[in-house]
Amino acid sequence: MIGRVEDSVDRHLVRWRGKAPYDERVEGVVTRMQFLVKHLKQFKEAALAQVGMQDFEFETLHRLVAAGGSATPSKLAAEMLLSPAGMTGRLDTLERSGLVRRVRGADDRRRVDVELTPKGRELWTEAMAIRGRVESELVSVLDAGEQQTLDALLKRLLVQAESHR
């Protein structure tokens with residue numbers, strides 16, 4: 001504990017102390033990461049709700065922006081680990097909302113690209129700004145040096161986890 005501040009994980013550790021075989025330090029680290037991910041997800045969903053978006057809409061627009069504003073449905077589906085039918089449903093919803101449009105290929109009419117519309121880019125930009133503020137607010141409890149240290153430590157953990165995939 002930092003000073004006398006107690007969090008929900010401290011209470012979790014006390015509740016389980018002596019009842020289960022685990023390393024309390026490891027349990028504290030892992031449970032805090034899990035709880036922070038849960039809180040971040042809730043904060044981000046609330047931020048998206050401010051602009052009238054759901055997470056699946058944002059993630060699809062996000063991938064399109066990263067791809068330069070245009071991608072094939074199959075590429076989007078592969079990146080998002082969705083079935084082609086699942087991606088079609090998402091794109092139908094986004095297209096009805098005017099956030100994306102489907103465009104036939106000029107050279108190959110069988111090819112369909114998905115393009116971000118100006119409305120889609122504007123909404124994505126607004127959502128990104130809100131999400132950025134939410135993330136900054138959460139991390140602002142740490143000074144710049146602590147943020148750098150935490151980032152380095154989390155990177156080491158992530159590299160370890162990714163090496164076991």
# chains A, B, ... in the order shown; residues from 1 in each chain; ligands from 1
>>> residues_around(residues="Ser97 of chain A", least_positions_apart="3", cutoff="12 Å", atoms="only C-alpha atoms", output="NGL selection string")
:A and (52-53 or 57 or 90-94 or 100-101 or 116-117 or 119-120 or 123)
>>> write_last_selection(atoms="N, CA and C atoms", output="PDB file, in the first residue's frame")
ATOM      1  N   GLY A  52     -22.206   9.180 -29.055  1.00  0.00           N
ATOM      2  CA  GLY A  52     -23.218   8.283 -29.606  1.00  0.00           C
ATOM      3  C   GLY A  52     -22.667   7.070 -30.313  1.00  0.00           C
ATOM      4  N   MET A  53     -21.477   6.623 -29.906  1.00  0.00           N
ATOM      5  CA  MET A  53     -20.853   5.462 -30.546  1.00  0.00           C
ATOM      6  C   MET A  53     -20.750   4.298 -29.581  1.00  0.00           C
ATOM      7  N   GLU A  57     -18.177   0.109 -33.213  1.00  0.00           N
ATOM      8  CA  GLU A  57     -18.157   1.135 -34.258  1.00  0.00           C
ATOM      9  C   GLU A  57     -16.823   1.878 -34.235  1.00  0.00           C
ATOM     10  N   ARG A  90     -21.416  -5.395 -39.213  1.00  0.00           N
ATOM     11  CA  ARG A  90     -20.851  -4.141 -38.686  1.00  0.00           C
ATOM     12  C   ARG A  90     -20.851  -3.059 -39.759  1.00  0.00           C
ATOM     13  N   LEU A  91     -20.402  -3.448 -40.948  1.00  0.00           N
ATOM     14  CA  LEU A  91     -20.315  -2.461 -42.025  1.00  0.00           C
ATOM     15  C   LEU A  91     -21.695  -1.964 -42.431  1.00  0.00           C
ATOM     16  N   ASP A  92     -22.692  -2.862 -42.420  1.00  0.00           N
ATOM     17  CA  ASP A  92     -24.069  -2.438 -42.715  1.00  0.00           C
ATOM     18  C   ASP A  92     -24.511  -1.350 -41.742  1.00  0.00           C
ATOM     19  N   THR A  93     -24.243  -1.564 -40.453  1.00  0.00           N
ATOM     20  CA  THR A  93     -24.618  -0.597 -39.419  1.00  0.00           C
ATOM     21  C   THR A  93     -23.901   0.730 -39.631  1.00  0.00           C
ATOM     22  N   LEU A  94     -22.598   0.673 -39.875  1.00  0.00           N
ATOM     23  CA  LEU A  94     -21.816   1.896 -40.075  1.00  0.00           C
ATOM     24  C   LEU A  94     -22.224   2.631 -41.353  1.00  0.00           C
ATOM     25  N   VAL A 100     -19.315   5.086 -42.995  1.00  0.00           N
ATOM     26  CA  VAL A 100     -18.487   4.459 -44.026  1.00  0.00           C
ATOM     27  C   VAL A 100     -19.330   4.307 -45.288  1.00  0.00           C
ATOM     28  N   ARG A 101     -18.635   4.041 -46.382  1.00  0.00           N
ATOM     29  CA  ARG A 101     -19.345   3.710 -47.623  1.00  0.00           C
ATOM     30  C   ARG A 101     -18.579   2.579 -48.299  1.00  0.00           C
ATOM     31  N   LEU A 116     -13.885   5.385 -45.195  1.00  0.00           N
ATOM     32  CA  LEU A 116     -14.335   6.253 -44.126  1.00  0.00           C
ATOM     33  C   LEU A 116     -14.931   7.506 -44.760  1.00  0.00           C
ATOM     34  N   THR A 117     -16.119   7.911 -44.328  1.00  0.00           N
ATOM     35  CA  THR A 117     -16.717   9.150 -44.840  1.00  0.00           C
ATOM     36  C   THR A 117     -16.213  10.324 -44.003  1.00  0.00           C
ATOM     37  N   LYS A 119     -18.000  12.286 -42.297  1.00  0.00           N
ATOM     38  CA  LYS A 119     -18.749  12.179 -41.037  1.00  0.00           C
ATOM     39  C   LYS A 119     -18.105  11.135 -40.123  1.00  0.00           C
ATOM     40  N   GLY A 120     -17.675  10.013 -40.686  1.00  0.00           N
ATOM     41  CA  GLY A 120     -17.026   8.958 -39.904  1.00  0.00           C
ATOM     42  C   GLY A 120     -15.712   9.427 -39.313  1.00  0.00           C
ATOM     43  N   LEU A 123     -16.417  11.952 -36.445  1.00  0.00           N
ATOM     44  CA  LEU A 123     -16.874  11.280 -35.230  1.00  0.00           C
ATOM     45  C   LEU A 123     -15.728  10.527 -34.563  1.00  0.00           C
TER      46      LEU A 123
END
>>> select_by_dssp(residues="segment 43-159 of chain A", states="strand (DSSP E or B)", output="tab-separated table (two decimals) with N, CA, C and O atoms, in the first residue's frame")
chain	number	residue	atom	x	y	z
A	70	SER	N	-9.23	3.58	-45.98
A	70	SER	CA	-9.87	2.62	-46.87
A	70	SER	C	-9.25	1.23	-46.67
A	70	SER	O	-8.05	1.12	-46.48
A	71	ALA	N	-10.10	0.22	-46.73
A	71	ALA	CA	-9.63	-1.17	-46.61
A	71	ALA	C	-10.70	-2.10	-47.17
A	71	ALA	O	-11.86	-1.70	-47.33
A	100	VAL	N	-19.32	5.09	-42.99
A	100	VAL	CA	-18.49	4.46	-44.03
A	100	VAL	C	-19.33	4.31	-45.29
A	100	VAL	O	-20.56	4.42	-45.25
A	101	ARG	N	-18.64	4.04	-46.38
A	101	ARG	CA	-19.34	3.71	-47.62
A	101	ARG	C	-18.58	2.58	-48.30
A	101	ARG	O	-17.36	2.48	-48.18
A	102	ARG	N	-19.31	1.77	-49.01
A	102	ARG	CA	-18.70	0.70	-49.80
A	102	ARG	C	-18.54	1.22	-51.23
A	102	ARG	O	-19.46	1.80	-51.78
A	103	VAL	N	-17.36	0.96	-51.79
A	103	VAL	CA	-17.05	1.45	-53.12
A	103	VAL	C	-16.54	0.28	-53.95
A	103	VAL	O	-15.62	-0.44	-53.53
A	104	ARG	N	-17.13	0.09	-55.13
A	104	ARG	CA	-16.66	-0.97	-56.05
A	104	ARG	C	-15.32	-0.57	-56.65
A	104	ARG	O	-15.07	0.60	-56.94
A	112	VAL	N	-14.67	-4.87	-53.43
A	112	VAL	CA	-15.35	-3.81	-52.70
A	112	VAL	C	-14.40	-3.29	-51.63
A	112	VAL	O	-13.81	-4.06	-50.88
A	113	ASP	N	-14.23	-1.98	-51.61
A	113	ASP	CA	-13.47	-1.33	-50.55
A	113	ASP	C	-14.44	-0.62	-49.62
A	113	ASP	O	-15.51	-0.19	-50.04
A	114	VAL	N	-14.02	-0.49	-48.38
A	114	VAL	CA	-14.79	0.28	-47.40
A	114	VAL	C	-14.01	1.56	-47.17
A	114	VAL	O	-12.81	1.52	-46.89
A	115	GLU	N	-14.70	2.67	-47.30
A	115	GLU	CA	-14.05	3.97	-47.10
A	115	GLU	C	-14.69	4.70	-45.93
A	115	GLU	O	-15.92	4.67	-45.76
A	116	LEU	N	-13.88	5.39	-45.20
A	116	LEU	CA	-14.34	6.25	-44.13
A	116	LEU	C	-14.93	7.51	-44.76
A	116	LEU	O	-14.33	8.09	-45.66
>>> closest_residue(among="A:Leu76, A:Ala106, A:Leu13, A:Ala67", to="Thr88 of chain A", atoms="only C-alpha atoms")
A:Leu76
>>> closest_residue(among="A:Val5, A:Asp23, A:Met33, A:Phe56", to="Leu150 of chain A", atoms="only C-alpha atoms")
A:Met33
>>> closest_residue(among="A:Thr60, A:Arg111, A:Glu137, A:Leu36", to="Met87 of chain A", atoms="only C-alpha atoms")
A:Thr60
>>> closest_residue(among="A:Val26, A:His12, A:Leu48, A:Ala20", to="Val134 of chain A", atoms="only C-alpha atoms")
A:Leu48
>>> atom_distance(atom1="atom CA of Lys44 of chain A", atom2="atom CA of Arg131 of chain A")
5.9 Å
>>> closest_residue(among="A:Gly98, A:Gly89, A:Gly105, A:Gly132", to="Ala77 of chain A", atoms="only C-alpha atoms")
A:Gly89
>>> select_by_dssp(residues="chain A", states="alpha helix (DSSP H)", output="PyMOL selection string")
chain A and resi 8-16+24-50+55-66+73-79+84-96+118-139+144-162
>>> atom_distance(atom1="atom CA of Ser8 of chain A", atom2="atom CA of Ser140 of chain A")
20.1 Å
>>> closest_residue(among="A:Ala127, A:Val9, A:Leu40, A:Ala47", to="Leu61 of chain A", atoms="only C-alpha atoms")
A:Ala127
>>> atom_distance(atom1="atom CA of Pro73 of chain A", atom2="atom CA of Phe58 of chain A")
15.6 Å
